[in-house]
Amino acid sequence: MLEGFNTSGTIIAEHINQALEINLWISLALFASVVLPMFYLAWKYRESNVKDEDIENITHNTLLEIVWTVVPTITLFVCFWYGYTSMVTARTMPDADKSITIDVEGSKWKWRYEYPANENGFVHKLGGAYTKPVRDENGVVVQKGTMGLSALYVPVDTNIILNMTAPIGDVLHSFFVPAFRMKEDVVPGRITKQWFNTTNIGEYEVECAEYCGTDHSYMYSRIVVLPKDEYYAWFNSSDDTPKGDYAKSGDAILQKHGCKSCHAITSDKVLVGPTLSTRRLTKEQVLDVINNGQNKLGYAMGEMPAGMATGADAEEIAAYVAGGMQGTQPASFAACSSCHGEDGKGQYGTAPSLVSYDVDLLRNVLKHGKKGMMGTMPAFPYVSDEEISAIAQYLENIK
Ligand SMILES: [Cu+2]
């Protein structure tokens with residue numbers, strides 16, 4: 001469901017609501033003034049009631065003609081006026097000096113936001129990751145995709161100008177914020193603009209409203225309107241998301257479920273469990289799994305058998321995997337790639353990704369818990385799919 005049609009966040013939204021209402025009532029009145037008399041006259045002059053020779057031949061009626069010309073002209077000009085003034089409000093960009101200009105890029109199939117440099121010269125770039133649904137040869141979805149849960153953070157009571165574009169060679173997109181009643185095409189190689197200014201702190205949905213392909217519906221994002229001091233505290237930092245309870249951000253979800261008491265996120269520090277962004281697996285962990293196998297995570301592939309590699313091969317593989325699979329792949333990795341894939345990404349969730357905290361790994365770890373050489377992680381079965389994809393996206397972005 002699209003949220004937000006019952007909220008009205010901006011001046012433009014109020015204009016458009018008003019224009020819509022006036023258009024609706026005037027259209028209904030004009031419709032009734034034509035259709036009701038038509039039914040009445042059809043009934044009154046029905047064949048069984050009137051003979052042709054009884055009907056007078058009226059050539060014209062000046063008063064009536066003036067009325068039915070002037071009244072619709074005036075009412076339609078009223079419609080035009082409200083539509084026109086709303087359009088002027090929506091299309092006239094505010095003074096750039098008194099506004100914040102943010103670059104928006106729509107590409108297959110995600111939104112990215114780039115802010116101007118802050119006082120330390122740091123440039124926030126947000127948004128990105130999502131996973132495409134996987135289809136078999138008949139086009140049947142065998143694995144659901146996940147929506148990106150990126151957000152555009154903006155201060156309240158401030159003019160925000162969006163400079164929107166798409167990479168050359170991409171397709172058309174459309175940046176649509178139902179609560180703000182704003183929608184504008186995003187065109188490869190061209191810049192289109194929208195602006196808004198809202199007095200309501202809160203979260204608003206962003207959708208791609210261009211339906212010329214199957215995956216625009218995954219281009220989901222949010223606008224989070226913050227109090228000014230919170231916005232500027234975040235803007236002038238290099239944090240990925242503002243501090244505070246922004247219910248749907250990956251950072252806030254990790255906080256909310258207490259993950260951060262056992263996992264460091266952006267530092268290398270090992271608390272109880274592994275750091276969730278800077279590394280995936282240590283050499284010792286990989287060796288442990290190679291030697292002992294593992295069967296706890298509930299992947300479609302089932303069990304990881306022990307002894308897939310031994311001795312120097314095992315050492316070499318473990319070092320390679322722990323190093324994030326950079327550089328030349330040791331030939332012995334062939335023993336692993338049949339299940340984990342050439343790139344170690346787990347072949348669409350059939351086996352764990354060895355290189356990233358993807359949605360499948362998070363989902364399986366949270367569902368089943370994890371017992372490994374570092375310790376025991378309890379299961380968190382109540383973390384929703386939406387939250388999991390937000391965590392995955394957050395971890396992907398800060399990597
Ligand atoms: Cu799109």
# chains A, B, ... in the order shown; residues from 1 in each chain; ligands from 1

$ residues_near_ligand --ligand "ligand 1" --cutoff "6 Å" --atoms "only C-alpha atoms and all ligand atoms" --output "list in words"
Trp109, His173, Cys208, Glu210, His216 and Met219 of chain A

$ select_by_dssp --residues "stretch 127-264 of chain A" --states "strand (DSSP E)" --output "MDAnalysis selection string"
chainID A and resid 127 134:135 141:143 150:155 159:165 173:177 182:186 192:196 202:208 221:226

$ closest_residue --among "A:Asn364, A:Thr89, A:Asn118, A:Ser337" --to "A:Tyr299" --atoms "only C-alpha atoms"
A:Asn364

$ residues_around --residues "A:Pro242" --least-positions-apart "6" --cutoff "8 Å" --atoms "only C-alpha atoms" --output "VMD selection string"
chain A and resid 230 to 231 233 to 234

$ closest_residue --among "A:Leu226, A:Val104, A:Val70, A:Val365" --to "A:Asn200" --atoms "only C-alpha atoms"
A:Leu226

$ residues_around --residues "stretch 262-264 of chain A" --least-positions-apart "6" --cutoff "10 Å" --atoms "only C-alpha atoms" --output "ChimeraX atom specification"
/A:254,270-278,377

$ select_by_dssp --residues "stretch 32-238 of chain A" --states "helix (DSSP H, G or I)" --output "PyMOL selection string"
chain A and resi 32-44+52-54+62-91+96-98+178-180+216-218+228-235

$ atom_distance --atom1 "atom CA of A:Asp185" --atom2 "atom CA of A:Glu387"
29.1 Å

$ atom_distance --atom1 "atom CA of A:Trp25" --atom2 "atom CA of A:Glu65"
23.2 Å

$ residues_around --residues "A:Leu361" --least-positions-apart "4" --cutoff "10 Å" --atoms "only C-alpha atoms" --output "ChimeraX atom specification"
/A:297-299,346,349,351-354,356-357,365-367,388,392

$ closest_residue --among "A:Thr10, A:Asp313, A:Leu30, A:Leu36" --to "A:Trp68" --atoms "only C-alpha atoms"
A:Leu30

$ decode --residues "stretch 207-233 of chain A" --atoms "N, CA and C atoms" --output "PDB file, in the first residue's frame"
ATOM      1  N   GLU A 207       8.565   6.450  -3.908  1.00  0.00           N
ATOM      2  CA  GLU A 207       8.415   5.324  -4.826  1.00  0.00           C
ATOM      3  C   GLU A 207       8.913   5.754  -6.190  1.00  0.00           C
ATOM      4  N   CYS A 208       9.276   4.766  -7.025  1.00  0.00           N
ATOM      5  CA  CYS A 208       9.472   5.072  -8.428  1.00  0.00           C
ATOM      6  C   CYS A 208       8.143   4.811  -9.107  1.00  0.00           C
ATOM      7  N   ALA A 209       7.598   5.820  -9.770  1.00  0.00           N
ATOM      8  CA  ALA A 209       6.282   5.685 -10.381  1.00  0.00           C
ATOM      9  C   ALA A 209       6.370   5.473 -11.882  1.00  0.00           C
ATOM     10  N   GLU A 210       7.534   5.033 -12.368  1.00  0.00           N
ATOM     11  CA  GLU A 210       7.673   4.803 -13.808  1.00  0.00           C
ATOM     12  C   GLU A 210       7.462   3.324 -14.055  1.00  0.00           C
ATOM     13  N   TYR A 211       6.341   2.947 -14.644  1.00  0.00           N
ATOM     14  CA  TYR A 211       6.089   1.519 -14.803  1.00  0.00           C
ATOM     15  C   TYR A 211       6.343   1.062 -16.224  1.00  0.00           C
ATOM     16  N   CYS A 212       7.603   1.091 -16.646  1.00  0.00           N
ATOM     17  CA  CYS A 212       7.913   0.614 -17.991  1.00  0.00           C
ATOM     18  C   CYS A 212       8.755  -0.629 -17.912  1.00  0.00           C
ATOM     19  N   GLY A 213       8.939  -1.185 -16.741  1.00  0.00           N
ATOM     20  CA  GLY A 213       9.740  -2.391 -16.588  1.00  0.00           C
ATOM     21  C   GLY A 213       9.334  -3.036 -15.286  1.00  0.00           C
ATOM     22  N   THR A 214       9.886  -4.221 -15.029  1.00  0.00           N
ATOM     23  CA  THR A 214       9.339  -4.980 -13.902  1.00  0.00           C
ATOM     24  C   THR A 214       9.868  -4.540 -12.548  1.00  0.00           C
ATOM     25  N   ASP A 215      11.013  -3.914 -12.486  1.00  0.00           N
ATOM     26  CA  ASP A 215      11.638  -3.745 -11.178  1.00  0.00           C
ATOM     27  C   ASP A 215      11.627  -2.326 -10.605  1.00  0.00           C
ATOM     28  N   HIS A 216      10.931  -1.405 -11.272  1.00  0.00           N
ATOM     29  CA  HIS A 216      10.824  -0.057 -10.694  1.00  0.00           C
ATOM     30  C   HIS A 216      10.162  -0.126  -9.318  1.00  0.00           C
ATOM     31  N   SER A 217       9.320  -1.150  -9.136  1.00  0.00           N
ATOM     32  CA  SER A 217       8.620  -1.253  -7.856  1.00  0.00           C
ATOM     33  C   SER A 217       9.577  -1.572  -6.708  1.00  0.00           C
ATOM     34  N   TYR A 218      10.818  -1.970  -7.036  1.00  0.00           N
ATOM     35  CA  TYR A 218      11.786  -2.182  -5.955  1.00  0.00           C
ATOM     36  C   TYR A 218      12.482  -0.891  -5.563  1.00  0.00           C
ATOM     37  N   MET A 219      12.225   0.182  -6.320  1.00  0.00           N
ATOM     38  CA  MET A 219      12.918   1.443  -6.048  1.00  0.00           C
ATOM     39  C   MET A 219      12.170   2.217  -4.974  1.00  0.00           C
ATOM     40  N   TYR A 220      12.292   1.681  -3.777  1.00  0.00           N
ATOM     41  CA  TYR A 220      11.564   2.231  -2.662  1.00  0.00           C
ATOM     42  C   TYR A 220      12.555   2.981  -1.778  1.00  0.00           C
ATOM     43  N   SER A 221      12.132   4.117  -1.281  1.00  0.00           N
ATOM     44  CA  SER A 221      13.020   4.865  -0.393  1.00  0.00           C
ATOM     45  C   SER A 221      12.151   5.692   0.554  1.00  0.00           C
ATOM     46  N   ARG A 222      12.799   6.527   1.379  1.00  0.00           N
ATOM     47  CA  ARG A 222      12.021   7.336   2.318  1.00  0.00           C
ATOM     48  C   ARG A 222      12.617   8.729   2.401  1.00  0.00           C
ATOM     49  N   ILE A 223      11.774   9.688   2.777  1.00  0.00           N
ATOM     50  CA  ILE A 223      12.290  10.994   3.163  1.00  0.00           C
ATOM     51  C   ILE A 223      12.074  11.099   4.666  1.00  0.00           C
ATOM     52  N   VAL A 224      13.151  11.353   5.397  1.00  0.00           N
ATOM     53  CA  VAL A 224      13.029  11.493   6.845  1.00  0.00           C
ATOM     54  C   VAL A 224      13.250  12.965   7.184  1.00  0.00           C
ATOM     55  N   VAL A 225      12.219  13.603   7.727  1.00  0.00           N
ATOM     56  CA  VAL A 225      12.297  15.020   8.066  1.00  0.00           C
ATOM     57  C   VAL A 225      12.677  15.150   9.541  1.00  0.00           C
ATOM     58  N   LEU A 226      13.823  15.798   9.778  1.00  0.00           N
ATOM     59  CA  LEU A 226      14.379  15.878  11.133  1.00  0.00           C
ATOM     60  C   LEU A 226      14.265  17.297  11.677  1.00  0.00           C
ATOM     61  N   PRO A 227      14.261  17.428  13.015  1.00  0.00           N
ATOM     62  CA  PRO A 227      14.419  18.758  13.599  1.00  0.00           C
ATOM     63  C   PRO A 227      15.752  19.334  13.128  1.00  0.00           C
ATOM     64  N   LYS A 228      15.807  20.678  12.989  1.00  0.00           N
ATOM     65  CA  LYS A 228      17.006  21.282  12.396  1.00  0.00           C
ATOM     66  C   LYS A 228      18.296  20.915  13.118  1.00  0.00           C
ATOM     67  N   ASP A 229      18.306  20.969  14.475  1.00  0.00           N
ATOM     68  CA  ASP A 229      19.567  20.700  15.185  1.00  0.00           C
ATOM     69  C   ASP A 229      20.025  19.270  14.943  1.00  0.00           C
ATOM     70  N   GLU A 230      19.086  18.315  14.909  1.00  0.00           N
ATOM     71  CA  GLU A 230      19.484  16.925  14.664  1.00  0.00           C
ATOM     72  C   GLU A 230      20.011  16.747  13.248  1.00  0.00           C
ATOM     73  N   TYR A 231      19.358  17.453  12.319  1.00  0.00           N
ATOM     74  CA  TYR A 231      19.835  17.346  10.937  1.00  0.00           C
ATOM     75  C   TYR A 231      21.265  17.862  10.825  1.00  0.00           C
ATOM     76  N   TYR A 232      21.526  19.061  11.371  1.00  0.00           N
ATOM     77  CA  TYR A 232      22.859  19.638  11.188  1.00  0.00           C
ATOM     78  C   TYR A 232      23.922  18.877  11.984  1.00  0.00           C
ATOM     79  N   ALA A 233      23.549  18.308  13.130  1.00  0.00           N
ATOM     80  CA  ALA A 233      24.505  17.486  13.881  1.00  0.00           C
ATOM     81  C   ALA A 233      24.938  16.303  13.010  1.00  0.00           C
TER      82      ALA A 233
END
